[in-house]
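Chemist: So that you have it, the file is my_file-v7.cif, and it contains mmCIF, C-alpha atoms:
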```
data_query
#
loop_
_atom_site.label_atom_id
_atom_site.label_comp_id
_atom_site.auth_asym_id
_atom_site.auth_seq_id
_atom_site.Cartn_x
_atom_site.Cartn_y
_atom_site.Cartn_z
CA MET A 1 128.26 -1.84 47.66
CA SER A 2 124.90 -2.30 45.98
CA VAL A 3 126.78 -3.36 42.83
CA ALA A 4 128.59 -6.09 44.78
CA LEU A 5 125.34 -7.27 46.24
CA ARG A 6 123.75 -7.45 42.84
CA SER A 7 126.70 -9.16 41.17
CA ARG A 8 127.35 -11.81 43.81
CA PRO A 9 124.34 -14.06 43.10
CA THR A 10 125.17 -13.93 39.36
CA VAL A 11 128.66 -15.27 39.96
CA SER A 12 127.32 -17.98 42.20
CA ALA A 13 124.71 -18.97 39.60
CA GLU A 14 127.48 -19.24 37.01
CA GLU A 15 129.51 -21.42 39.39
CA THR A 16 126.53 -23.66 40.07
CA ARG A 17 125.88 -24.01 36.34
CA ALA A 18 129.53 -24.97 35.80
CA ARG A 19 129.39 -27.53 38.66
CA ILE A 20 126.21 -29.10 37.24
CA ILE A 21 127.82 -29.34 33.79
CA ALA A 22 131.04 -30.85 35.17
CA VAL A 23 129.30 -33.45 37.33
CA ALA A 24 126.79 -34.33 34.60
CA GLU A 25 129.56 -34.76 32.02
CA GLU A 26 131.50 -37.03 34.36
CA HIS A 27 128.31 -38.99 35.05
CA PHE A 28 127.42 -39.30 31.35
CA ARG A 29 130.96 -40.51 30.61
CA ARG A 30 130.84 -43.12 33.34
CA VAL A 31 127.23 -44.34 33.18
CA GLY A 32 126.10 -43.23 29.72
CA TYR A 33 123.70 -40.49 28.66
CA ALA A 34 120.59 -42.64 28.25
CA LYS A 35 121.02 -44.31 31.64
CA THR A 36 121.51 -41.06 33.56
CA ALA A 37 118.55 -39.18 35.04
CA VAL A 38 118.66 -35.56 36.18
CA ALA A 39 117.93 -36.92 39.68
CA ASP A 40 121.22 -38.90 39.58
CA VAL A 41 123.20 -35.77 38.73
CA ALA A 42 121.34 -33.80 41.43
CA SER A 43 122.02 -36.43 44.07
CA GLU A 44 125.74 -36.50 43.19
CA LEU A 45 125.75 -32.70 43.59
CA GLY A 46 123.91 -32.90 46.93
CA MET A 47 121.08 -30.86 45.35
CA SER A 48 117.39 -31.44 44.79
CA PRO A 49 116.36 -32.18 41.18
CA ALA A 50 114.16 -29.05 41.40
CA ASN A 51 117.27 -26.98 42.06
CA VAL A 52 119.04 -28.46 38.99
CA TYR A 53 115.93 -27.70 36.92
CA ARG A 54 116.24 -24.05 38.00
CA PHE A 55 119.44 -23.94 35.95
CA PHE A 56 118.64 -26.40 33.17
CA PRO A 57 115.04 -27.07 32.12
CA SER A 58 115.86 -30.62 30.94
CA LYS A 59 118.55 -33.29 30.59
CA ALA A 60 118.78 -32.21 26.95
CA ALA A 61 119.69 -28.68 28.09
CA ILE A 62 122.54 -30.06 30.25
CA ASN A 63 123.71 -32.15 27.31
CA GLU A 64 123.60 -29.10 25.07
CA ALA A 65 125.81 -27.18 27.52
CA ILE A 66 128.34 -30.05 27.62
CA CYS A 67 128.39 -30.27 23.84
CA GLN A 68 128.94 -26.53 23.67
CA ARG A 69 131.98 -26.96 25.91
CA LEU A 70 133.30 -29.76 23.66
CA MET A 71 132.67 -27.69 20.53
CA GLY A 72 134.44 -24.77 22.22
CA VAL A 73 137.56 -26.95 22.50
CA LEU A 74 137.32 -27.70 18.77
CA HIS A 75 136.86 -23.99 17.97
CA GLU A 76 139.98 -23.07 19.95
CA MET A 77 141.92 -25.76 18.12
CA ILE A 78 141.00 -24.62 14.61
CA GLY A 79 141.29 -20.98 15.68
CA ALA A 80 144.91 -21.63 16.69
CA ILE A 81 145.64 -23.28 13.31
CA ALA A 82 143.94 -20.41 11.46
CA ALA A 83 146.25 -17.98 13.29
CA GLU A 84 149.45 -19.82 12.30
CA LYS A 85 151.89 -18.17 9.88
CA ALA A 86 151.53 -20.59 6.98
CA PRO A 87 149.93 -20.51 3.53
CA ALA A 88 146.14 -20.84 3.54
CA ALA A 89 146.53 -24.00 1.42
CA VAL A 90 148.47 -25.53 4.34
CA ARG A 91 146.26 -24.27 7.18
CA LEU A 92 143.00 -25.34 5.55
CA PRO A 93 143.88 -29.07 5.23
CA LYS A 94 145.37 -28.91 8.74
CA MET A 95 142.08 -27.58 10.14
CA ILE A 96 140.08 -30.19 8.22
CA ARG A 97 142.29 -33.02 9.49
CA SER A 98 142.22 -31.77 13.07
CA ILE A 99 138.40 -31.67 13.17
CA HIS A 100 138.32 -35.14 11.60
CA GLU A 101 140.88 -36.55 14.06
CA GLN A 102 139.18 -34.97 17.06
CA ASN A 103 135.72 -36.28 16.11
CA LYS A 104 137.11 -39.70 15.19
CA ALA A 105 139.04 -39.96 18.48
CA MET A 106 135.86 -39.09 20.36
CA LEU A 107 134.09 -41.90 18.54
CA THR A 108 136.86 -44.41 19.07
CA HIS A 109 137.93 -43.65 22.63
CA GLU A 110 134.92 -42.00 24.23
CA LYS A 111 131.90 -43.81 22.88
CA ARG A 112 129.69 -42.35 25.60
CA ILE A 113 130.63 -38.78 24.78
CA PHE A 114 129.96 -39.63 21.15
CA ASP A 115 126.47 -40.88 22.09
CA MET A 116 125.80 -37.57 23.86
CA VAL A 117 126.81 -35.65 20.76
CA GLU A 118 124.56 -37.82 18.58
CA VAL A 119 121.65 -37.11 20.95
CA ALA A 120 122.44 -33.39 20.79
CA MET A 121 122.31 -33.58 16.99
CA THR A 122 118.70 -34.67 17.32
CA GLU A 123 117.58 -32.76 20.42
CA SER A 124 119.58 -29.53 20.23
CA TRP A 125 120.04 -28.88 16.54
CA PRO A 126 120.35 -25.04 16.90
CA ALA A 127 123.49 -25.48 19.03
CA ILE A 128 124.99 -27.89 16.48
CA ASP A 129 123.96 -25.57 13.65
CA ALA A 130 125.76 -22.67 15.38
CA HIS A 131 128.85 -24.86 15.64
CA CYS A 132 128.71 -25.69 11.91
CA HIS A 133 128.43 -22.00 11.06
CA HIS A 134 131.35 -21.18 13.33
CA CYS A 135 133.54 -23.68 11.46
CA MET A 136 132.36 -22.32 8.08
CA GLY A 137 133.27 -18.83 9.28
CA VAL A 138 136.81 -19.86 10.24
CA PHE A 139 137.25 -21.66 6.90
CA ALA A 140 135.94 -18.53 5.11
CA GLU A 141 138.46 -16.30 6.90
CA VAL A 142 141.40 -18.51 5.92
CA VAL A 143 140.07 -18.71 2.33
CA ARG A 144 139.83 -14.89 2.31
CA GLN A 145 143.49 -14.68 3.28
CA GLY A 146 144.35 -17.23 0.57
CA VAL A 147 142.46 -15.20 -2.04
CA GLU A 148 144.23 -12.03 -0.90
CA ALA A 149 147.62 -13.75 -1.10
CA GLY A 150 146.82 -14.98 -4.62
CA GLU A 151 146.96 -18.62 -3.51
CA PHE A 152 143.30 -19.11 -4.40
CA GLY A 153 141.13 -17.81 -7.26
CA ALA A 154 138.77 -14.85 -7.08
CA ILE A 155 136.13 -16.79 -5.18
CA ASP A 156 133.63 -15.61 -2.59
CA PRO A 157 135.29 -16.58 0.73
CA GLN A 158 132.04 -17.34 2.57
CA ALA A 159 130.71 -19.48 -0.30
CA ALA A 160 134.05 -21.31 -0.37
CA GLY A 161 134.02 -21.75 3.42
CA ASN A 162 130.54 -23.28 3.21
CA PHE A 163 131.66 -25.54 0.37
CA VAL A 164 134.69 -26.80 2.32
CA PHE A 165 132.56 -27.55 5.35
CA HIS A 166 129.81 -29.35 3.41
CA ALA A 167 132.26 -31.27 1.24
CA CYS A 168 133.92 -32.59 4.42
CA ALA A 169 130.67 -33.93 5.90
CA GLY A 170 131.99 -37.49 5.66
CA MET A 171 135.08 -36.51 7.68
CA PHE A 172 133.27 -34.37 10.27
CA HIS A 173 129.82 -35.81 10.89
CA PRO A 174 129.80 -38.30 13.80
CA THR A 175 127.29 -40.62 12.12
CA LEU A 176 129.29 -40.77 8.88
CA ILE A 177 132.58 -41.23 10.72
CA ALA A 178 130.96 -44.13 12.57
CA GLN A 179 129.86 -45.71 9.28
CA PHE A 180 133.20 -45.27 7.55
CA CYS A 181 135.83 -45.33 10.27
CA ASP A 182 136.38 -49.08 10.31
CA GLN A 183 137.18 -48.89 6.62
CA ASP A 184 140.23 -47.40 4.98
CA PHE A 185 138.87 -43.88 4.75
CA GLU A 186 142.27 -42.17 5.01
CA ALA A 187 143.00 -42.52 1.28
CA ASP A 188 139.56 -41.07 0.52
CA ALA A 189 140.22 -38.22 2.96
CA ALA A 190 143.51 -37.30 1.26
CA ASN A 191 141.76 -37.48 -2.12
CA LEU A 192 138.92 -35.25 -0.88
CA ILE A 193 141.31 -32.61 0.46
CA ALA A 194 143.33 -32.61 -2.78
CA PHE A 195 140.19 -31.94 -4.84
CA ILE A 196 138.98 -29.26 -2.39
CA LEU A 197 142.27 -27.41 -2.95
CA ARG A 198 141.79 -27.88 -6.72
CA ALA A 199 138.39 -26.20 -6.38
CA LEU A 200 139.94 -23.17 -4.65
CA ARG A 201 142.91 -22.67 -6.97
CA PRO A 202 142.95 -19.67 -9.36
CA MET B 203 112.28 -82.60 -20.74
CA SER B 204 114.77 -83.13 -17.93
CA VAL B 205 115.95 -79.52 -18.43
CA ALA B 206 112.40 -78.27 -17.95
CA LEU B 207 112.06 -80.39 -14.82
CA ARG B 208 115.31 -79.02 -13.43
CA SER B 209 114.64 -75.38 -14.28
CA ARG B 210 111.06 -75.20 -13.02
CA PRO B 211 111.83 -75.17 -9.24
CA THR B 212 114.50 -72.43 -9.77
CA VAL B 213 111.99 -70.14 -11.45
CA SER B 214 109.49 -70.82 -8.70
CA ALA B 215 112.05 -70.01 -5.99
CA GLU B 216 112.77 -66.71 -7.73
CA GLU B 217 109.07 -65.99 -7.91
CA THR B 218 108.61 -66.80 -4.24
CA ARG B 219 111.52 -64.53 -3.32
CA ALA B 220 109.96 -61.72 -5.37
CA ARG B 221 106.56 -62.26 -3.73
CA ILE B 222 108.08 -62.18 -0.24
CA ILE B 223 109.92 -58.94 -1.08
CA ALA B 224 106.80 -57.31 -2.56
CA VAL B 225 104.53 -58.25 0.33
CA ALA B 226 107.15 -57.32 2.96
CA GLU B 227 107.77 -53.94 1.32
CA GLU B 228 104.05 -53.21 1.21
CA HIS B 229 103.78 -54.30 4.87
CA PHE B 230 106.78 -52.18 5.95
CA ARG B 231 105.31 -49.16 4.15
CA ARG B 232 101.94 -49.60 5.84
CA VAL B 233 102.89 -50.75 9.33
CA GLY B 234 106.51 -49.68 9.64
CA TYR B 235 109.70 -51.76 9.66
CA ALA B 236 110.16 -51.96 13.42
CA LYS B 237 106.56 -53.06 14.03
CA THR B 238 106.60 -55.81 11.40
CA ALA B 239 107.65 -59.36 12.28
CA VAL B 240 108.61 -62.02 9.73
CA ALA B 241 105.54 -63.94 10.99
CA ASP B 242 103.26 -61.06 9.85
CA VAL B 243 104.72 -61.16 6.35
CA ALA B 244 104.46 -64.96 6.27
CA SER B 245 100.81 -64.89 7.37
CA GLU B 246 99.96 -62.31 4.69
CA LEU B 247 101.61 -64.63 2.14
CA GLY B 248 99.75 -67.67 3.48
CA MET B 249 103.12 -69.24 4.29
CA SER B 250 104.71 -70.54 7.46
CA PRO B 251 107.47 -68.32 8.92
CA ALA B 252 109.80 -71.31 8.48
CA ASN B 253 109.13 -71.21 4.74
CA VAL B 254 109.97 -67.49 4.57
CA TYR B 255 113.18 -68.20 6.51
CA ARG B 256 114.13 -70.73 3.81
CA PHE B 257 114.46 -67.73 1.46
CA PHE B 258 115.61 -65.02 3.85
CA PRO B 259 117.49 -65.89 7.04
CA SER B 260 116.22 -62.74 8.85
CA LYS B 261 114.03 -59.65 8.64
CA ALA B 262 117.24 -57.73 7.96
CA ALA B 263 117.84 -59.90 4.88
CA ILE B 264 114.36 -59.06 3.55
CA ASN B 265 115.02 -55.38 4.22
CA GLU B 266 118.36 -55.63 2.41
CA ALA B 267 116.61 -57.11 -0.64
CA ILE B 268 114.03 -54.28 -0.64
CA CYS B 269 116.76 -51.65 -0.32
CA GLN B 270 118.61 -53.29 -3.19
CA ARG B 271 115.46 -52.91 -5.31
CA LEU B 272 115.18 -49.22 -4.34
CA MET B 273 118.88 -48.63 -5.03
CA GLY B 274 118.41 -50.38 -8.38
CA VAL B 275 115.82 -47.74 -9.31
CA LEU B 276 118.34 -45.02 -8.40
CA HIS B 277 121.05 -46.74 -10.45
CA GLU B 278 118.79 -46.90 -13.52
CA MET B 279 117.99 -43.22 -13.11
CA ILE B 280 121.60 -42.03 -12.96
CA GLY B 281 122.57 -44.55 -15.63
CA ALA B 282 120.02 -42.95 -17.97
CA ILE B 283 121.40 -39.45 -17.27
CA ALA B 284 124.98 -40.69 -17.76
CA ALA B 285 123.94 -42.00 -21.21
CA GLU B 286 122.44 -38.65 -22.34
CA LYS B 287 124.16 -36.70 -25.10
CA ALA B 288 125.21 -33.67 -23.08
CA PRO B 289 128.48 -32.28 -21.73
CA ALA B 290 129.84 -34.10 -18.67
CA ALA B 291 129.61 -30.79 -16.77
CA VAL B 292 125.85 -30.87 -17.38
CA ARG B 293 125.25 -34.56 -16.71
CA LEU B 294 127.24 -34.63 -13.46
CA PRO B 295 125.16 -31.95 -11.67
CA LYS B 296 122.01 -33.55 -13.07
CA MET B 297 122.98 -36.93 -11.57
CA ILE B 298 123.86 -35.30 -8.24
CA ARG B 299 120.55 -33.44 -8.10
CA SER B 300 118.53 -36.50 -9.07
CA ILE B 301 120.04 -38.63 -6.28
CA HIS B 302 119.44 -35.76 -3.85
CA GLU B 303 115.83 -35.27 -4.97
CA GLN B 304 115.09 -38.99 -4.91
CA ASN B 305 116.50 -39.46 -1.40
CA LYS B 306 114.85 -36.30 -0.13
CA ALA B 307 111.47 -37.30 -1.59
CA MET B 308 111.78 -40.68 0.11
CA LEU B 309 112.40 -38.89 3.40
CA THR B 310 109.58 -36.43 2.95
CA HIS B 311 106.86 -38.61 1.44
CA GLU B 312 107.74 -42.11 2.53
CA LYS B 313 109.04 -41.81 6.04
CA ARG B 314 108.64 -45.57 6.59
CA ILE B 315 110.74 -46.47 3.58
CA PHE B 316 113.29 -43.97 4.83
CA ASP B 317 113.33 -45.75 8.22
CA MET B 318 114.01 -49.06 6.42
CA VAL B 319 116.94 -47.53 4.58
CA GLU B 320 118.33 -46.13 7.83
CA VAL B 321 118.10 -49.59 9.39
CA ALA B 322 119.87 -51.08 6.36
CA MET B 323 122.66 -48.55 6.82
CA THR B 324 123.28 -50.09 10.23
CA GLU B 325 122.39 -53.75 9.61
CA SER B 326 123.42 -54.29 5.99
CA TRP B 327 126.36 -52.00 5.46
CA PRO B 328 127.96 -54.15 2.68
CA ALA B 329 124.84 -53.65 0.48
CA ILE B 330 124.91 -49.89 1.09
CA ASP B 331 128.66 -49.83 0.51
CA ALA B 332 128.18 -51.58 -2.86
CA HIS B 333 125.57 -48.95 -3.75
CA CYS B 334 128.01 -46.12 -2.88
CA HIS B 335 130.69 -47.72 -5.05
CA HIS B 336 128.23 -48.12 -7.92
CA CYS B 337 127.47 -44.37 -7.81
CA MET B 338 131.18 -43.52 -7.61
CA GLY B 339 131.74 -45.72 -10.68
CA VAL B 340 129.05 -43.92 -12.71
CA PHE B 341 130.45 -40.52 -11.66
CA ALA B 342 133.94 -41.72 -12.63
CA GLU B 343 132.77 -42.79 -16.08
CA VAL B 344 131.17 -39.40 -16.78
CA VAL B 345 134.29 -37.64 -15.46
CA ARG B 346 136.41 -39.82 -17.79
CA GLN B 347 134.32 -38.65 -20.73
CA GLY B 348 134.68 -35.04 -19.55
CA VAL B 349 138.45 -35.42 -19.31
CA GLU B 350 138.55 -36.95 -22.80
CA ALA B 351 136.44 -34.10 -24.17
CA GLY B 352 138.76 -31.55 -22.57
CA GLU B 353 135.97 -30.23 -20.34
CA PHE B 354 137.84 -31.30 -17.22
CA GLY B 355 141.52 -31.26 -16.28
CA ALA B 356 143.92 -34.22 -16.49
CA ILE B 357 142.53 -35.80 -13.34
CA ASP B 358 142.20 -39.45 -12.38
CA PRO B 359 138.54 -40.24 -13.17
CA GLN B 360 138.07 -42.74 -10.35
CA ALA B 361 139.65 -40.39 -7.79
CA ALA B 362 137.40 -37.60 -9.08
CA GLY B 363 134.33 -39.86 -8.97
CA ASN B 364 135.10 -40.73 -5.35
CA PHE B 365 135.58 -37.05 -4.54
CA VAL B 366 132.24 -36.06 -6.09
CA PHE B 367 130.42 -38.78 -4.17
CA HIS B 368 132.05 -37.97 -0.81
CA ALA B 369 131.68 -34.21 -1.27
CA CYS B 370 127.94 -34.72 -1.82
CA ALA B 371 127.44 -36.68 1.41
CA GLY B 372 125.23 -33.90 2.79
CA MET B 373 122.98 -34.14 -0.28
CA PHE B 374 122.88 -37.94 -0.49
CA HIS B 375 123.05 -39.39 3.01
CA PRO B 376 119.57 -39.97 4.50
CA THR B 377 120.62 -38.93 8.01
CA LEU B 378 122.17 -35.67 6.79
CA ILE B 379 119.22 -34.90 4.52
CA ALA B 380 116.97 -35.39 7.55
CA GLN B 381 119.06 -32.95 9.59
CA PHE B 382 119.24 -30.29 6.88
CA CYS B 383 116.09 -30.70 4.80
CA ASP B 384 113.88 -28.38 6.85
CA GLN B 385 116.43 -25.63 6.31
CA ASP B 386 117.21 -23.79 3.13
CA PHE B 387 119.77 -26.25 1.88
CA GLU B 388 119.13 -25.58 -1.82
CA ALA B 389 121.44 -22.54 -1.93
CA ASP B 390 124.17 -24.63 -0.26
CA ALA B 391 123.56 -27.42 -2.76
CA ALA B 392 123.99 -25.07 -5.74
CA ASN B 393 127.13 -23.67 -4.12
CA LEU B 394 128.53 -27.17 -3.52
CA ILE B 395 127.94 -28.24 -7.13
CA ALA B 396 129.55 -25.04 -8.48
CA PHE B 397 132.71 -25.70 -6.44
CA ILE B 398 132.76 -29.38 -7.42
CA LEU B 399 132.83 -28.29 -11.07
CA ARG B 400 135.62 -25.81 -10.20
CA ALA B 401 137.60 -28.74 -8.77
CA LEU B 402 137.26 -30.69 -12.02
CA ARG B 403 138.07 -27.87 -14.47
CA PRO B 404 141.41 -27.95 -16.31
#
```
Transcribe the structure of this file into C-alpha cells.

Modeler:
Amino acid sequence: MSVALRSRPTVSAEETRARIIAVAEEHFRRVGYAKTAVADVASELGMSPANVYRFFPSKAAINEAICQRLMGVLHEMIGAIAAEKAPAAVRLPKMIRSIHEQNKAMLTHEKRIFDMVEVAMTESWPAIDAHCHHCMGVFAEVVRQGVEAGEFGAIDPQAAGNFVFHACAGMFHPTLIAQFCDQDFEADAANLIAFILRALRP
Amino acid sequence: MSVALRSRPTVSAEETRARIIAVAEEHFRRVGYAKTAVADVASELGMSPANVYRFFPSKAAINEAICQRLMGVLHEMIGAIAAEKAPAAVRLPKMIRSIHEQNKAMLTHEKRIFDMVEVAMTESWPAIDAHCHHCMGVFAEVVRQGVEAGEFGAIDPQAAGNFVFHACAGMFHPTLIAQFCDQDFEADAANLIAFILRALRP
C-alpha cells in the first residue's frame, strides 16, 4: 500500500513530462521553435508556466527532450539494421544511408524540426554528443562482427566505428546537409561509402 | 602613349578594390562583420558609399573578396606542402593537418574573422564551393603521385581526393570545428587520418 502511494506521483510526473513534450513538439512544428514561448506551451496544456518549469527548467530543456525522442527513433532504426542477418559490409552502408536519409528528410520536409535540432546542437551539446557516441558504438559493434567474420582487417572496432562516424559528417550533420543537399551529393556519398569500406578491408 | 592612358584607370580600379578590401577586413576584425555597414568602410576610406558600391555591389561581396584572400593563403600553404619531396602518404596528412590547424586557429584567435567566414558559407556559397573543389584537386594530385609511386592502390585520384576532403569535414568545416574544438578531438583526428591512409593503400 505504501509502495503504491509512493509510486503513484512518479508515474503521474512521467505522464506530465510526456504531455509537455508532446504538446511542445506539436507547437514547435506548427509555430516554430524561436516563436514559441514556454507560456504558450503551458497555456495549451491548461497549466501555469511555473508548473511547466517544475518539469523543465527552460525551453532549451524541453527542446532537448524532444531531440532525445527524435534521436531515439534514429537509434531504433540503426539498431534494427545492425541486427539484420547480412554481412557487416552490407549493414554498415545501410546504416550510414538510413541516418543520412532520415536527417535529410527532416531538413527537407520538416524545416521547423530541423531548426529545433540546430538549436539543440548549440544549446544542448551533451545530449547531441551522447547521440554521436551511441551511433559510433553501433558502428563499432557491426565492425567487430565484420572483423570476426574476416570481412574486415584486424582493426580496432571502436576506432573504426569512430572513423566511420566522423568520415560521414557531411552526410549526417544537419548544417552540412543543408549546405550540400541542393547539390548532387549522392555521387559523393556513394564514393565516400566505397572508400570507407576500402579502409576497413583486410 | 594611348596604351598608357588606357591601362592607367584599370590599375587604379584594382588598387581601389584592394584598398576597400584591406580597410573592410581591418574594420570587420575590429568591430565585427554584423556591426559594420558599407558606409563605415566608405567613411574610413574617405569615399562615398556610392563609390564603394561601384566596386562591390554589397557588403556580402566585400566579405566574399576577403574570404577569397584568406582561402588563397590556405591554397598557397597546401600547394607548398604538395610540392615537397616526400611520399604522398606523408604530404597528405600534412596538408590535412595544416588546413585543420589554420581553420582552428582562425576560430580560436580571430573569432571575428571566423564569423565572416561563417557568413560567407551562407551568403557566398559558390566562392566556398570553389575553395572546396580547389582543395579536392590538390588532394587528387598528391593521390595521383602516390598511385604512380605504388604507395596507394589503383584508385581513381579524383574520387580519392573527394573522399579525403569529405571525410575530413569534421576537421575542416568551421561549424564542426567550433562544436568539437573544446573537446579532445586530436585523438579522433589522428584516428581519422590513419583510416584515410588505410583506404588509399593498395

Chemist: Need the axis-aligned box for segment 65-80 of chain A with 3 Å each side, so what are the centre and edges in Å to one decimal, as lines of an AutoDock Vina configuration file?

Modeler:
```
center_x = 135.4
center_y = -25.6
center_z = 21.1
size_x = 25.1
size_y = 15.3
size_z = 19.0
```

Chemist: Select, as a PyMOL selection string, those residues of chain B with any atom no more than 6 Å from chain A (distances computed using all atoms listed in the file).

Modeler: chain B and resi 365+369+394+397+400-401

Chemist: Identify, on the basis of all atoms listed in the file, every residue whose closest approach to segment 287-296 of chain B does not exceed 10 Å; exclude the query and any residue fewer than 2 positions from it along the same chain; express the result as a PyMOL selection string.

Modeler: chain B and resi 280+282-285+298-302+340-349+351+353-354+363+366+392+395-396+398-399+402-403

Chemist: Choose the residue, out of A:Gly72, A:Gly46, A:Pro126, A:Gly137, that has the smallest atom-to-atom separation from Gln158 of chain A; count all atoms listed in the file.

Modeler: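 Using all atoms listed in the file, the shortest distance to Gln158 of chain A belongs to A:Gly137.
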
Chemist: Can you spell out as a list of chain:residue names the set of residues that the PyMOL selection byres ((chain A and resi 34) around 10) selects in the structure I just provided?

Modeler: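 Given this file, the PyMOL selection byres ((chain A and resi 34) around 10) evaluates to A:Phe28, A:Val31, A:Gly32, A:Tyr33, A:Lys35, A:Thr36, A:Ala37, A:Lys59, A:Arg112, A:Asp115, A:Met116, A:Val119.
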
Chemist: Write the residues you've just listed into a file as an mmCIF file, keeping the file's coordinate frame, and include C-alpha atoms for each of them.

Modeler:
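So the final result, stored in result_23.cif, reads:
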```
data_model
loop_
_atom_site.group_PDB
_atom_site.id
_atom_site.type_symbol
_atom_site.label_atom_id
_atom_site.label_comp_id
_atom_site.auth_asym_id
_atom_site.auth_seq_id
_atom_site.Cartn_x
_atom_site.Cartn_y
_atom_site.Cartn_z
ATOM 1 C CA PHE A 28 127.420 -39.300 31.350
ATOM 2 C CA VAL A 31 127.230 -44.340 33.180
ATOM 3 C CA GLY A 32 126.100 -43.230 29.720
ATOM 4 C CA TYR A 33 123.700 -40.490 28.660
ATOM 5 C CA LYS A 35 121.020 -44.310 31.640
ATOM 6 C CA THR A 36 121.510 -41.060 33.560
ATOM 7 C CA ALA A 37 118.550 -39.180 35.040
ATOM 8 C CA LYS A 59 118.550 -33.290 30.590
ATOM 9 C CA ARG A 112 129.690 -42.350 25.600
ATOM 10 C CA ASP A 115 126.470 -40.880 22.090
ATOM 11 C CA MET A 116 125.800 -37.570 23.860
ATOM 12 C CA VAL A 119 121.650 -37.110 20.950
#
```

Chemist: Between atom CA of Cys67 of chain A and atom CA of Glu44 of chain A, what is the distance in Å, rounded to a tenth?

Modeler: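 Separation between atom CA of Cys67 of chain A and atom CA of Glu44 of chain A: 20.5 Å.
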
Chemist: Would you kindly return, as a list in words, each protein, DNA or RNA residue with an atom no farther than 12 Å from any atom of Ala65 of chain A, considering all atoms listed in the file and excluding same-chain residues fewer than 4 positions away?

Modeler: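 Listed by chain and then number, they are Arg17, Ala18, Arg19, Ile20, Ile21, Ala22, Ala24, Glu25, Phe55, Phe56, Pro57, Ser58, Lys59, Ala60, Ala61, Arg69, Leu70, Met71, Gly72, Met116, Val117, Ala120, Ser124, Ala127 and Ile128 of chain A.
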
Chemist: Between A:Lys104, A:His109, A:His133, A:His75, which residue has the minimum interatomic distance to Pro174 of chain A, considering only C-alpha atoms?

Modeler: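 Of the candidates, the smallest distance to Pro174 of chain A is held by A:Lys104.
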
Chemist: Where atoms are missing, can you supply N, CA, C and O atoms for segment 275-286 of chain B and output the lot as a compact mmCIF listing (two decimals), keeping the file's coordinate frame?

Modeler:
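Resulting contents of part26.txt:
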```txt
# COMPACT_ATOMS: atom_id res chain seq x y z
N VAL B 275 116.58 -48.80 -8.64
CA VAL B 275 115.82 -47.74 -9.31
C VAL B 275 116.70 -46.49 -9.47
O VAL B 275 116.75 -45.87 -10.53
N LEU B 276 117.42 -46.17 -8.39
CA LEU B 276 118.34 -45.02 -8.40
C LEU B 276 119.45 -45.23 -9.43
O LEU B 276 119.81 -44.31 -10.17
N HIS B 277 119.96 -46.44 -9.51
CA HIS B 277 121.05 -46.74 -10.45
C HIS B 277 120.57 -46.59 -11.89
O HIS B 277 121.30 -46.08 -12.74
N GLU B 278 119.34 -47.04 -12.15
CA GLU B 278 118.79 -46.90 -13.52
C GLU B 278 118.66 -45.42 -13.87
O GLU B 278 118.96 -45.00 -14.99
N MET B 279 118.21 -44.65 -12.89
CA MET B 279 117.99 -43.22 -13.11
C MET B 279 119.29 -42.50 -13.46
O MET B 279 119.36 -41.77 -14.45
N ILE B 280 120.35 -42.74 -12.66
CA ILE B 280 121.60 -42.03 -12.96
C ILE B 280 122.27 -42.63 -14.19
O ILE B 280 122.96 -41.92 -14.93
N GLY B 281 122.03 -43.92 -14.42
CA GLY B 281 122.57 -44.55 -15.63
C GLY B 281 121.99 -43.89 -16.88
O GLY B 281 122.70 -43.65 -17.86
N ALA B 282 120.69 -43.59 -16.83
CA ALA B 282 120.02 -42.95 -17.97
C ALA B 282 120.58 -41.55 -18.21
O ALA B 282 120.80 -41.15 -19.36
N ILE B 283 120.84 -40.81 -17.12
CA ILE B 283 121.40 -39.45 -17.27
C ILE B 283 122.83 -39.54 -17.82
O ILE B 283 123.21 -38.77 -18.71
N ALA B 284 123.59 -40.52 -17.31
CA ALA B 284 124.98 -40.69 -17.76
C ALA B 284 125.02 -40.97 -19.27
O ALA B 284 125.97 -40.59 -19.95
N ALA B 285 123.98 -41.62 -19.79
CA ALA B 285 123.94 -42.00 -21.21
C ALA B 285 123.43 -40.87 -22.11
O ALA B 285 123.45 -41.02 -23.34
N GLU B 286 122.96 -39.77 -21.52
CA GLU B 286 122.44 -38.65 -22.34
C GLU B 286 123.57 -38.02 -23.16
O GLU B 286 124.73 -38.08 -22.78
```
